[in-house]
Each structure stands twice: as structure tokens, then as C-alpha cells.
$ cat entry.txt   # compact mmCIF, C-alpha atoms and all ligand atoms
# COMPACT_ATOMS: atom_id res chain seq x y z
CA MET A 1 91.07 39.87 119.79
CA GLN A 2 93.53 37.61 117.95
CA ALA A 3 91.07 36.69 115.18
CA ARG A 4 90.13 40.32 114.62
CA ILE A 5 93.78 41.37 114.44
CA ALA A 6 94.60 38.51 112.04
CA SER A 7 91.73 39.30 109.67
CA GLY A 8 92.48 43.04 109.85
CA LEU A 9 96.12 42.43 108.93
CA THR A 10 94.99 40.38 105.95
CA ALA A 11 92.58 43.15 104.92
CA LEU A 12 95.52 45.59 105.07
CA GLY A 13 97.37 43.28 102.67
CA LEU A 14 99.98 42.31 105.29
CA THR A 15 101.38 38.83 105.87
CA PRO A 16 102.50 38.80 109.51
CA PRO A 17 105.35 36.59 110.74
CA ASP A 18 104.35 33.35 112.51
CA GLY A 19 102.84 34.03 115.90
CA ALA A 20 102.58 37.81 115.43
CA ALA A 21 98.78 38.00 115.74
CA ALA A 22 98.94 35.94 118.95
CA ARG A 23 101.69 38.20 120.32
CA LEU A 24 99.67 41.31 119.52
CA ALA A 25 96.62 39.82 121.24
CA GLU A 26 98.73 39.01 124.31
CA TYR A 27 100.04 42.60 124.28
CA GLY A 28 96.40 43.75 124.13
CA ARG A 29 95.54 41.57 127.09
CA LEU A 30 98.46 42.99 129.11
CA LEU A 31 97.42 46.52 128.10
CA LEU A 32 93.83 46.12 129.30
CA GLU A 33 94.96 44.37 132.49
CA GLN A 34 97.47 47.11 133.37
CA ASN A 35 94.99 49.82 132.36
CA GLN A 36 93.00 48.92 135.48
CA VAL A 37 95.79 50.32 137.64
CA MET A 38 97.65 52.73 135.33
CA ASN A 39 96.32 55.22 132.81
CA LEU A 40 97.47 53.69 129.50
CA THR A 41 94.52 53.96 127.11
CA ALA A 42 91.04 55.43 126.89
CA ILE A 43 90.09 52.57 124.54
CA THR A 44 88.98 49.61 126.65
CA GLU A 45 86.77 47.53 124.36
CA PRO A 46 88.90 44.65 122.93
CA ASP A 47 87.66 44.99 119.32
CA GLN A 48 88.43 48.68 119.42
CA VAL A 49 91.88 48.00 120.88
CA ALA A 50 92.45 45.65 117.93
CA ASP A 51 91.30 48.24 115.39
CA LEU A 52 92.36 51.59 116.80
CA HIS A 53 95.67 50.56 118.36
CA PHE A 54 97.01 47.49 116.56
CA LEU A 55 95.61 47.83 113.04
CA ASP A 56 96.09 51.60 113.04
CA SER A 57 99.76 51.07 113.93
CA ALA A 58 100.10 48.26 111.38
CA ALA A 59 98.83 50.57 108.64
CA LEU A 60 102.29 52.21 108.65
CA LEU A 61 103.54 49.02 107.00
CA THR A 62 101.25 49.58 104.00
CA LEU A 63 102.87 52.82 102.79
CA GLY A 64 105.53 51.18 100.65
CA GLU A 65 108.28 52.15 103.13
CA ASP A 66 110.80 49.33 103.66
CA LEU A 67 111.30 49.14 107.43
CA ARG A 68 113.35 45.93 107.35
CA GLY A 69 116.47 46.31 109.49
CA LYS A 70 115.88 50.04 109.88
CA ARG A 71 116.43 52.08 113.05
CA LEU A 72 113.17 53.68 114.16
CA ILE A 73 112.21 55.89 117.11
CA ASP A 74 108.63 56.25 118.39
CA VAL A 75 108.42 59.68 120.02
CA GLY A 76 105.81 59.92 122.82
CA THR A 77 105.03 56.22 122.51
CA GLY A 78 102.72 56.08 125.58
CA ALA A 79 101.59 52.45 125.79
CA GLY A 80 103.76 51.57 122.76
CA PHE A 81 101.82 52.89 119.76
CA PRO A 82 102.63 52.72 116.97
CA GLY A 83 106.19 51.43 117.58
CA LEU A 84 105.69 48.13 119.41
CA PRO A 85 103.14 46.61 116.98
CA LEU A 86 105.54 47.56 114.16
CA ARG A 87 108.36 45.64 115.87
CA ILE A 88 106.12 42.60 116.39
CA LEU A 89 105.15 42.67 112.71
CA GLU A 90 108.67 43.46 111.47
CA PRO A 91 111.09 41.70 113.85
CA SER A 92 114.23 43.09 112.16
CA LEU A 93 113.27 46.65 113.13
CA GLN A 94 115.75 48.34 115.53
CA LEU A 95 113.23 50.04 117.77
CA THR A 96 113.51 52.81 120.37
CA LEU A 97 110.36 53.62 122.34
CA LEU A 98 110.68 57.03 123.98
CA ASP A 99 108.36 58.65 126.48
CA SER A 100 108.68 61.25 129.23
CA LEU A 101 106.53 59.22 131.63
CA GLY A 102 108.72 56.75 133.50
CA LYS A 103 105.90 54.48 134.67
CA ARG A 104 104.78 53.85 131.08
CA VAL A 105 108.34 53.18 129.92
CA ASN A 106 108.92 50.68 132.77
CA TRP A 107 105.69 48.93 131.86
CA LEU A 108 106.75 48.77 128.19
CA ALA A 109 110.05 47.17 129.19
CA SER A 110 108.14 44.51 131.15
CA VAL A 111 105.85 43.88 128.15
CA CYS A 112 108.89 43.37 125.91
CA ASP A 113 110.27 40.88 128.46
CA THR A 114 106.98 38.98 128.69
CA LEU A 115 106.58 38.86 124.91
CA GLY A 116 110.22 37.84 124.39
CA LEU A 117 111.00 40.92 122.28
CA GLU A 118 114.76 41.35 122.54
CA GLY A 119 116.68 44.51 121.77
CA VAL A 120 113.82 46.98 122.07
CA GLU A 121 115.14 50.13 123.74
CA CYS A 122 112.60 51.59 126.18
CA LEU A 123 113.80 55.08 126.97
CA HIS A 124 112.52 57.40 129.68
CA ALA A 125 113.40 60.85 128.35
CA ARG A 126 112.00 64.08 127.01
CA ALA A 127 112.13 64.03 123.23
CA GLU A 128 113.60 67.54 122.93
CA GLU A 129 116.45 66.66 125.33
CA GLN A 130 117.29 63.21 123.98
CA ALA A 131 117.53 64.62 120.44
CA LEU A 132 120.68 66.50 121.52
CA VAL A 133 122.45 63.32 122.64
CA ASP A 134 125.17 61.77 120.41
CA GLY A 135 123.96 58.59 118.79
CA TYR A 136 120.38 59.82 118.82
CA ARG A 137 120.68 63.08 116.88
CA ASP A 138 120.96 62.23 113.16
CA GLY A 139 120.86 58.57 114.19
CA PHE A 140 117.57 57.14 112.87
CA ASP A 141 116.14 56.07 109.52
CA TYR A 142 112.59 56.68 110.72
CA ALA A 143 110.76 58.63 113.40
CA VAL A 144 107.08 57.93 114.06
CA SER A 145 104.60 59.61 116.38
CA ARG A 146 100.88 59.52 117.12
CA ALA A 147 98.72 61.76 119.30
CA VAL A 148 101.54 63.74 120.90
CA ALA A 149 101.41 67.34 119.62
CA SER A 150 100.52 69.50 116.63
CA LEU A 151 102.59 68.84 113.53
CA GLU A 152 104.71 71.98 113.80
CA LEU A 153 105.71 71.18 117.39
CA LEU A 154 106.17 67.52 116.57
CA CYS A 155 108.49 68.23 113.66
CA GLU A 156 110.82 70.11 115.98
CA LEU A 157 110.85 67.10 118.32
CA CYS A 158 111.26 64.46 115.62
CA LEU A 159 113.28 65.75 112.65
CA PRO A 160 116.54 66.17 114.63
CA TYR A 161 116.58 62.38 115.22
CA LEU A 162 116.70 61.57 111.51
CA LYS A 163 119.68 60.93 109.27
CA VAL A 164 119.58 62.95 106.07
CA GLY A 165 117.35 60.87 103.81
CA GLY A 166 115.37 59.56 106.79
CA ARG A 167 111.62 59.99 107.12
CA PHE A 168 109.19 61.13 109.76
CA LEU A 169 105.79 59.43 109.66
CA ALA A 170 103.28 61.52 111.64
CA MET A 171 99.93 59.83 112.30
CA LYS A 172 97.15 62.37 112.03
CA GLY A 173 93.44 62.71 111.32
CA VAL A 174 92.08 63.38 107.86
CA ASP A 175 91.09 66.87 109.01
CA SER A 176 94.77 67.82 109.33
CA GLY A 177 95.01 69.88 106.11
CA GLU A 178 95.33 73.20 107.88
CA GLU A 179 97.75 71.75 110.43
CA ILE A 180 99.95 70.52 107.57
CA ASN A 181 99.87 73.94 105.87
CA HIS A 182 100.81 75.58 109.16
CA ALA A 183 103.82 73.29 109.56
CA ALA A 184 105.31 73.97 106.11
CA ARG A 185 107.61 76.79 107.26
CA CYS A 186 108.87 74.94 110.31
CA ILE A 187 109.56 71.79 108.26
CA SER A 188 111.76 73.74 105.87
CA ILE A 189 113.65 75.50 108.72
CA LEU A 190 114.37 72.10 110.29
CA GLY A 191 115.78 70.60 107.08
CA GLY A 192 112.70 68.69 105.99
CA ARG A 193 110.43 68.57 102.99
CA LEU A 194 106.84 67.46 102.90
CA LEU A 195 105.97 64.43 100.81
CA PRO A 196 102.40 63.64 99.75
CA SER A 197 100.32 62.43 102.72
CA VAL A 198 98.65 59.04 102.58
CA ASP A 199 95.10 58.41 103.81
CA TYR A 200 94.12 54.89 104.84
CA VAL A 201 91.09 53.09 106.23
CA ILE A 202 91.38 50.92 109.35
CA PRO A 203 89.65 47.64 108.52
CA GLY A 204 86.78 46.78 110.85
CA ALA A 205 86.53 50.26 112.35
CA ASN A 206 85.98 51.88 108.95
CA VAL A 207 87.81 54.91 110.23
CA ARG A 208 89.96 56.97 107.87
CA HIS A 209 93.30 58.27 109.18
CA ARG A 210 96.28 60.01 107.59
CA VAL A 211 100.04 59.62 107.63
CA VAL A 212 101.94 62.84 107.01
CA LEU A 213 105.36 62.05 105.51
CA VAL A 214 108.31 64.35 105.96
CA GLU A 215 111.72 63.59 104.48
CA LYS A 216 114.87 65.03 106.01
CA CYS A 217 116.88 66.49 103.16
CA ALA A 218 119.41 68.58 105.13
CA PRO A 219 120.83 68.47 108.68
CA THR A 220 118.64 70.18 111.28
CA PRO A 221 120.39 73.43 112.24
CA LYS A 222 122.12 73.62 115.64
CA GLY A 223 119.87 75.07 118.32
CA TYR A 224 116.92 72.78 117.49
CA PRO A 225 115.05 71.34 119.18
CA ARG A 226 114.66 74.20 121.62
CA ARG A 227 113.38 73.77 125.16
CA TRP A 228 109.76 72.59 125.35
CA ALA A 229 108.47 75.85 126.84
CA LYS A 230 110.04 77.76 123.94
CA ILE A 231 108.74 75.31 121.31
CA GLN A 232 105.22 75.76 122.65
CA LYS A 233 105.43 79.51 123.18
CA ALA A 234 107.04 80.36 119.84
CA PRO A 235 106.36 77.64 117.25
CA LEU A 236 108.56 78.00 114.17
C1 LIG B 301 98.30 60.90 124.18
S1 LIG B 301 99.73 59.95 124.50
C2 LIG B 301 99.89 59.08 122.96
C3 LIG B 301 100.59 57.79 123.16
C4 LIG B 301 100.74 56.92 121.89
N1 LIG B 301 101.63 57.55 120.92
C5 LIG B 301 99.41 56.60 121.26
O1 LIG B 301 99.14 57.06 120.14
O2 LIG B 301 98.62 55.86 121.89
C6 LIG B 301 101.07 61.13 124.39
C7 LIG B 301 102.37 60.63 125.00
O3 LIG B 301 103.42 61.51 124.64
C8 LIG B 301 104.29 61.66 125.74
N2 LIG B 301 104.98 62.94 125.56
C9 LIG B 301 104.44 64.18 125.43
N3 LIG B 301 105.40 65.10 125.26
C10 LIG B 301 106.59 64.44 125.26
C11 LIG B 301 107.95 64.85 125.14
N4 LIG B 301 108.29 66.12 124.97
N5 LIG B 301 108.91 63.90 125.18
C12 LIG B 301 108.58 62.60 125.37
N6 LIG B 301 107.31 62.16 125.50
C13 LIG B 301 106.33 63.07 125.45
C14 LIG B 301 103.36 61.60 126.95
O4 LIG B 301 104.04 61.21 128.13
C15 LIG B 301 102.33 60.55 126.51
O5 LIG B 301 102.68 59.25 126.94

$ encode --input "entry.txt" --output "C-alpha cells"
Amino acid sequence: MQARIASGLTALGLTPPDGAAARLAEYGRLLLEQNQVMNLTAITEPDQVADLHFLDSAALLTLGEDLRGKRLIDVGTGAGFPGLPLRILEPSLQLTLLDSLGKRVNWLASVCDTLGLEGVECLHARAEEQALVDGYRDGFDYAVSRAVASLELLCELCLPYLKVGGRFLAMKGVDSGEEINHAARCISILGGRLLPSVDYVIPGANVRHRVVLVEKCAPTPKGYPRRWAKIQKAPL
């Protein structure tokens, strides 16, 4: 897995820090080992783990965004994607991994220990509740999320975390045009504005994915995010 990750990172135009490809491969090994006893990923073939988890996550570093030293939250991180590979590839990142499933969060904390990744916050919480907490609301330069909810629901979960000027990077499929159009109203209510999306190809897998970029240009109004049942029942 390490060789495939290393060559994929090169194909993405990234120069990883020393030891990063080995760390990612070790993370992949821990993922597949734990997946035998805990539902962490439907992708179980090592080359596909390299492509569809690690290189897909790494593609966020090819957008021209400068993540160095920035505070970033991964909302609905599951087994750590895309946040943890980003932290391995950009060690100065101040990372919070948030998920509502405690078992996954505990496992992530143990992975950070094993890999010697200090200062990664592994948080067991619901995104819509944590976004109301001081120090989290308006507290981040970046929010990222993959495979959690439709864009309009996701924006309500993620935009409140951002400082004005911060950006939300939503990882989506290339068939997300309609989903993006649908989310336009909700983005503007929440204080965001859509930037042009970026499509990219995952090396090796030859799969095309999309990052939807939303910039926060005004504070999210009080009252958002609403409770999850309300967000789902009455999307903005
Ligand atoms: C399909 S998994 C995706 C995991 C990871 N982002 C990935 O791309 O592999 C969705 C994750 O989002 C979490 N999740 C869903 N709704 C959430 C919420 N409101 N707050 C926090 N986590 C949530 C789930 O527990 C689950 O781990």
C-alpha cells in the first residue's frame, strides 16, 4: 500500500513530509485490521483503500488552499477521512475529528496514539450540537466533510463552525450539480457564498470527484444549526 500511496501523492503533485507515506500505510493496515471487528469501511482491498481513502483525502491539498497552521474540523469523520490523512500530510494542521459514533472516535484516538500524532482532537459529538459550543462556533479556518449528508443539510452542520473568511470543502461526486443548485438558498441564509467547484481525478483509480467550496462571508445567524430532526424535515 505504501508504494501506491507514494506514487499517487507524486501524481497529485504533492511532496509529502518524511515518513508520511509509511504512516498512511500503517493507518491503512490498522483500518483493515479493525474493520474485521468494527464497521469502519466498505472498501477492503488495499489498493482501493490507498486510492479511495488516502489519495482522495490528499486531493484536498491540491486546491491551492494553504492549510499550514490552520484550524480544521472534519465533520462526520467516520474512520478519519478526509481529516487524518490531511494531518499526516500537513503536520502543522490543528485538527478536530468529530463523529457521533463513540466507538469510531475512540478507535481514532488510539490510531493517533499508535502513529504518534500529537494534538489531534478526537471528539464524540453531534455536529449540530457541538457547533453551538463556545470555541467551536466561529472557531475554525476550514471545515471538511465527505459522505455524510446532502449539501444543504451539510452546510447547516458545517458553516456555523467557520470564522468569517473561513471555507467549507465538501467532497462530492461529479454528478452533484443539482445538489449544489438546491443548496444555494441555504448557503446564503447561513452566511456563505459558493465558490467555483473543483473536479479532480484520483490517480490509480481514475475516478473523478468534486470539491464544493463555500466561503463564509457573514456570521451564521443565531438559531442555526437547528436540531437534526428539524434540519432533515425542513431543509433551508
Ligand atoms: C458514511 S460515514 C463517512 C465517514 C467519512 N467521512 C468517510 O468519508 O469515509 C458518515 C459518518 O458521519 C457521522 N455522522 C452522521 N451524522 C452526524 C452528525 N450529525 N454529527 C456527527 N457525525 C455524524 C456518522 O456517525 C458516520 O461515521

$ residues_near_ligand --input "entry.txt" --ligand "ligand LIG 301 (chain B)" --cutoff "10 Å" --atoms "only C-alpha atoms and all ligand atoms" --output "ChimeraX atom specification"
/A:39-43,52-53,56-57,74-83,97-105,123-131,144-149,153-154,157-158,171-172,227-229,231

$ write_last_selection --input "entry.txt" --atoms "C-alpha atoms" --output "CSV table (one decimal), keeping the file's coordinate frame"
chain,number,residue,atom,x,y,z
A,39,ASN,CA,96.3,55.2,132.8
A,40,LEU,CA,97.5,53.7,129.5
A,41,THR,CA,94.5,54.0,127.1
A,42,ALA,CA,91.0,55.4,126.9
A,43,ILE,CA,90.1,52.6,124.5
A,52,LEU,CA,92.4,51.6,116.8
A,53,HIS,CA,95.7,50.6,118.4
A,56,ASP,CA,96.1,51.6,113.0
A,57,SER,CA,99.8,51.1,113.9
A,74,ASP,CA,108.6,56.2,118.4
A,75,VAL,CA,108.4,59.7,120.0
A,76,GLY,CA,105.8,59.9,122.8
A,77,THR,CA,105.0,56.2,122.5
A,78,GLY,CA,102.7,56.1,125.6
A,79,ALA,CA,101.6,52.4,125.8
A,80,GLY,CA,103.8,51.6,122.8
A,81,PHE,CA,101.8,52.9,119.8
A,82,PRO,CA,102.6,52.7,117.0
A,83,GLY,CA,106.2,51.4,117.6
A,97,LEU,CA,110.4,53.6,122.3
A,98,LEU,CA,110.7,57.0,124.0
A,99,ASP,CA,108.4,58.6,126.5
A,100,SER,CA,108.7,61.2,129.2
A,101,LEU,CA,106.5,59.2,131.6
A,102,GLY,CA,108.7,56.8,133.5
A,103,LYS,CA,105.9,54.5,134.7
A,104,ARG,CA,104.8,53.8,131.1
A,105,VAL,CA,108.3,53.2,129.9
A,123,LEU,CA,113.8,55.1,127.0
A,124,HIS,CA,112.5,57.4,129.7
A,125,ALA,CA,113.4,60.8,128.4
A,126,ARG,CA,112.0,64.1,127.0
A,127,ALA,CA,112.1,64.0,123.2
A,128,GLU,CA,113.6,67.5,122.9
A,129,GLU,CA,116.4,66.7,125.3
A,130,GLN,CA,117.3,63.2,124.0
A,131,ALA,CA,117.5,64.6,120.4
A,144,VAL,CA,107.1,57.9,114.1
A,145,SER,CA,104.6,59.6,116.4
A,146,ARG,CA,100.9,59.5,117.1
A,147,ALA,CA,98.7,61.8,119.3
A,148,VAL,CA,101.5,63.7,120.9
A,149,ALA,CA,101.4,67.3,119.6
A,153,LEU,CA,105.7,71.2,117.4
A,154,LEU,CA,106.2,67.5,116.6
A,157,LEU,CA,110.8,67.1,118.3
A,158,CYS,CA,111.3,64.5,115.6
A,171,MET,CA,99.9,59.8,112.3
A,172,LYS,CA,97.2,62.4,112.0
A,227,ARG,CA,113.4,73.8,125.2
A,228,TRP,CA,109.8,72.6,125.4
A,229,ALA,CA,108.5,75.8,126.8
A,231,ILE,CA,108.7,75.3,121.3

$ closest_residue --input "entry.txt" --among "A:Gln36, A:Thr44, A:Thr96, A:Asn206" --to "Tyr161 in chain A" --atoms "only C-alpha atoms"
A:Thr96

$ atom_distance --input "entry.txt" --atom1 "CA of Cys122 in chain A" --atom2 "CA of Leu108 in chain A"
6.8 Å

$ atom_distance --input "entry.txt" --atom1 "CA of Lys163 in chain A" --atom2 "CA of Cys112 in chain A"
26.5 Å

$ atom_distance --input "entry.txt" --atom1 "CA of Pro203 in chain A" --atom2 "CA of Pro91 in chain A"
22.9 Å

$ closest_residue --input "entry.txt" --among "A:Glu215, A:Glu179, A:Glu33, A:Glu118" --to "Leu159 in chain A" --atoms "all atoms listed in the file"
A:Glu215

$ residues_around --input "entry.txt" --residues "Gly139 in chain A" --least-positions-apart "5" --cutoff "10 Å" --atoms "only C-alpha atoms" --output "PyMOL selection string"
chain A and resi 71-73+131+133-134+160-164+166

$ residues_around --input "entry.txt" --residues "Leu67 in chain A" --least-positions-apart "6" --cutoff "12 Å" --atoms "only C-alpha atoms" --output "ChimeraX atom specification"
/A:58,60-61,73,83,86-87,89-95,140-144,166-167,169

$ closest_residue --input "entry.txt" --among "A:Leu132, A:Ile187, A:Leu12, A:Ala3" --to "Cys217 in chain A" --atoms "only C-alpha atoms"
A:Ile187

$ residues_around --input "entry.txt" --residues "Gly8 in chain A" --least-positions-apart "3" --cutoff "9 Å" --atoms "all atoms listed in the file" --output "number ranges by chain"
A: 3-5, 11-14, 50-51, 55, 202-204

$ residues_around --input "entry.txt" --residues "range 19-27 of chain A" --least-positions-apart "5" --cutoff "6 Å" --atoms "all atoms listed in the file" --output "PyMOL selection string"
chain A and resi 1-2+6

$ write_last_selection --input "entry.txt" --atoms "C-alpha atoms" --output "PDB file, keeping the file's coordinate frame"
ATOM      1  CA  MET A   1      91.070  39.870 119.790  1.00  0.00           C
ATOM      2  CA  GLN A   2      93.530  37.610 117.950  1.00  0.00           C
ATOM      3  CA  ALA A   6      94.600  38.510 112.040  1.00  0.00           C
TER       4      ALA A   6
END

$ residues_around --input "entry.txt" --residues "Asp199 in chain A" --least-positions-apart "6" --cutoff "7 Å" --atoms "only C-alpha atoms" --output "list in words"
Arg208, His209, Arg210 and Val211 of chain A

$ closest_residue --input "entry.txt" --among "A:Leu115, A:Ala59, A:Leu9, A:Ala109" --to "Arg29 in chain A" --atoms "only C-alpha atoms"
A:Leu115

$ build_atoms --input "entry.txt" --residues "range 139-168 of chain A" --atoms "N, CA and C atoms" --output "short mmCIF file (atom, residue, chain, number, x, y, z; two decimals), keeping the file's coordinate frame"
data_model
loop_
_atom_site.label_atom_id
_atom_site.label_comp_id
_atom_site.auth_asym_id
_atom_site.auth_seq_id
_atom_site.Cartn_x
_atom_site.Cartn_y
_atom_site.Cartn_z
N GLY A 139 120.54 59.99 114.05
CA GLY A 139 120.86 58.57 114.19
C GLY A 139 119.83 57.59 113.65
N PHE A 140 118.68 58.06 113.19
CA PHE A 140 117.57 57.14 112.87
C PHE A 140 117.15 57.24 111.40
N ASP A 141 116.70 56.10 110.88
CA ASP A 141 116.14 56.07 109.52
C ASP A 141 114.70 56.59 109.53
N TYR A 142 114.00 56.28 110.62
CA TYR A 142 112.59 56.68 110.72
C TYR A 142 112.29 57.22 112.12
N ALA A 143 111.41 58.22 112.15
CA ALA A 143 110.76 58.63 113.40
C ALA A 143 109.26 58.51 113.16
N VAL A 144 108.54 58.02 114.16
CA VAL A 144 107.08 57.93 114.06
C VAL A 144 106.49 58.56 115.32
N SER A 145 105.26 59.05 115.20
CA SER A 145 104.60 59.61 116.38
C SER A 145 103.10 59.69 116.14
N ARG A 146 102.34 59.42 117.22
CA ARG A 146 100.88 59.52 117.12
C ARG A 146 100.35 60.18 118.38
N ALA A 147 99.47 61.15 118.19
CA ALA A 147 98.72 61.76 119.30
C ALA A 147 99.61 62.40 120.36
N VAL A 148 100.63 63.12 119.94
CA VAL A 148 101.54 63.74 120.90
C VAL A 148 101.44 65.26 120.88
N ALA A 149 101.44 65.86 119.69
CA ALA A 149 101.41 67.34 119.62
C ALA A 149 101.03 67.73 118.19
N SER A 150 100.83 69.03 117.99
CA SER A 150 100.52 69.50 116.63
C SER A 150 101.75 69.29 115.75
N LEU A 151 101.52 69.21 114.45
CA LEU A 151 102.59 68.84 113.53
C LEU A 151 103.80 69.77 113.62
N GLU A 152 103.56 71.08 113.78
CA GLU A 152 104.71 71.98 113.80
C GLU A 152 105.57 71.75 115.05
N LEU A 153 104.93 71.47 116.18
CA LEU A 153 105.71 71.18 117.39
C LEU A 153 106.41 69.82 117.25
N LEU A 154 105.67 68.89 116.71
CA LEU A 154 106.17 67.52 116.57
C LEU A 154 107.38 67.45 115.65
N CYS A 155 107.36 68.25 114.58
CA CYS A 155 108.49 68.23 113.66
C CYS A 155 109.76 68.69 114.36
N GLU A 156 109.63 69.65 115.25
CA GLU A 156 110.82 70.11 115.98
C GLU A 156 111.34 69.01 116.91
N LEU A 157 110.42 68.21 117.45
CA LEU A 157 110.85 67.10 118.32
C LEU A 157 111.45 65.95 117.52
N CYS A 158 110.92 65.71 116.33
CA CYS A 158 111.26 64.46 115.62
C CYS A 158 112.33 64.59 114.54
N LEU A 159 112.33 65.67 113.77
CA LEU A 159 113.28 65.75 112.65
C LEU A 159 114.75 65.69 113.09
N PRO A 160 115.12 66.26 114.24
CA PRO A 160 116.54 66.17 114.63
C PRO A 160 117.04 64.73 114.78
N TYR A 161 116.16 63.77 115.05
CA TYR A 161 116.58 62.38 115.22
C TYR A 161 116.99 61.71 113.92
N LEU A 162 116.55 62.28 112.78
CA LEU A 162 116.70 61.57 111.51
C LEU A 162 118.05 61.82 110.86
N LYS A 163 118.56 60.77 110.20
CA LYS A 163 119.68 60.93 109.27
C LYS A 163 119.15 61.71 108.07
N VAL A 164 120.03 62.36 107.33
CA VAL A 164 119.58 62.95 106.07
C VAL A 164 119.12 61.80 105.17
N GLY A 165 117.94 61.96 104.60
CA GLY A 165 117.35 60.87 103.81
C GLY A 165 116.33 60.08 104.61
N GLY A 166 116.35 60.26 105.95
CA GLY A 166 115.37 59.56 106.79
C GLY A 166 114.00 60.20 106.70
N ARG A 167 113.01 59.50 107.23
CA ARG A 167 111.62 59.99 107.12
C ARG A 167 110.89 60.00 108.44
N PHE A 168 110.08 61.02 108.61
CA PHE A 168 109.19 61.13 109.76
C PHE A 168 107.78 60.81 109.31
#
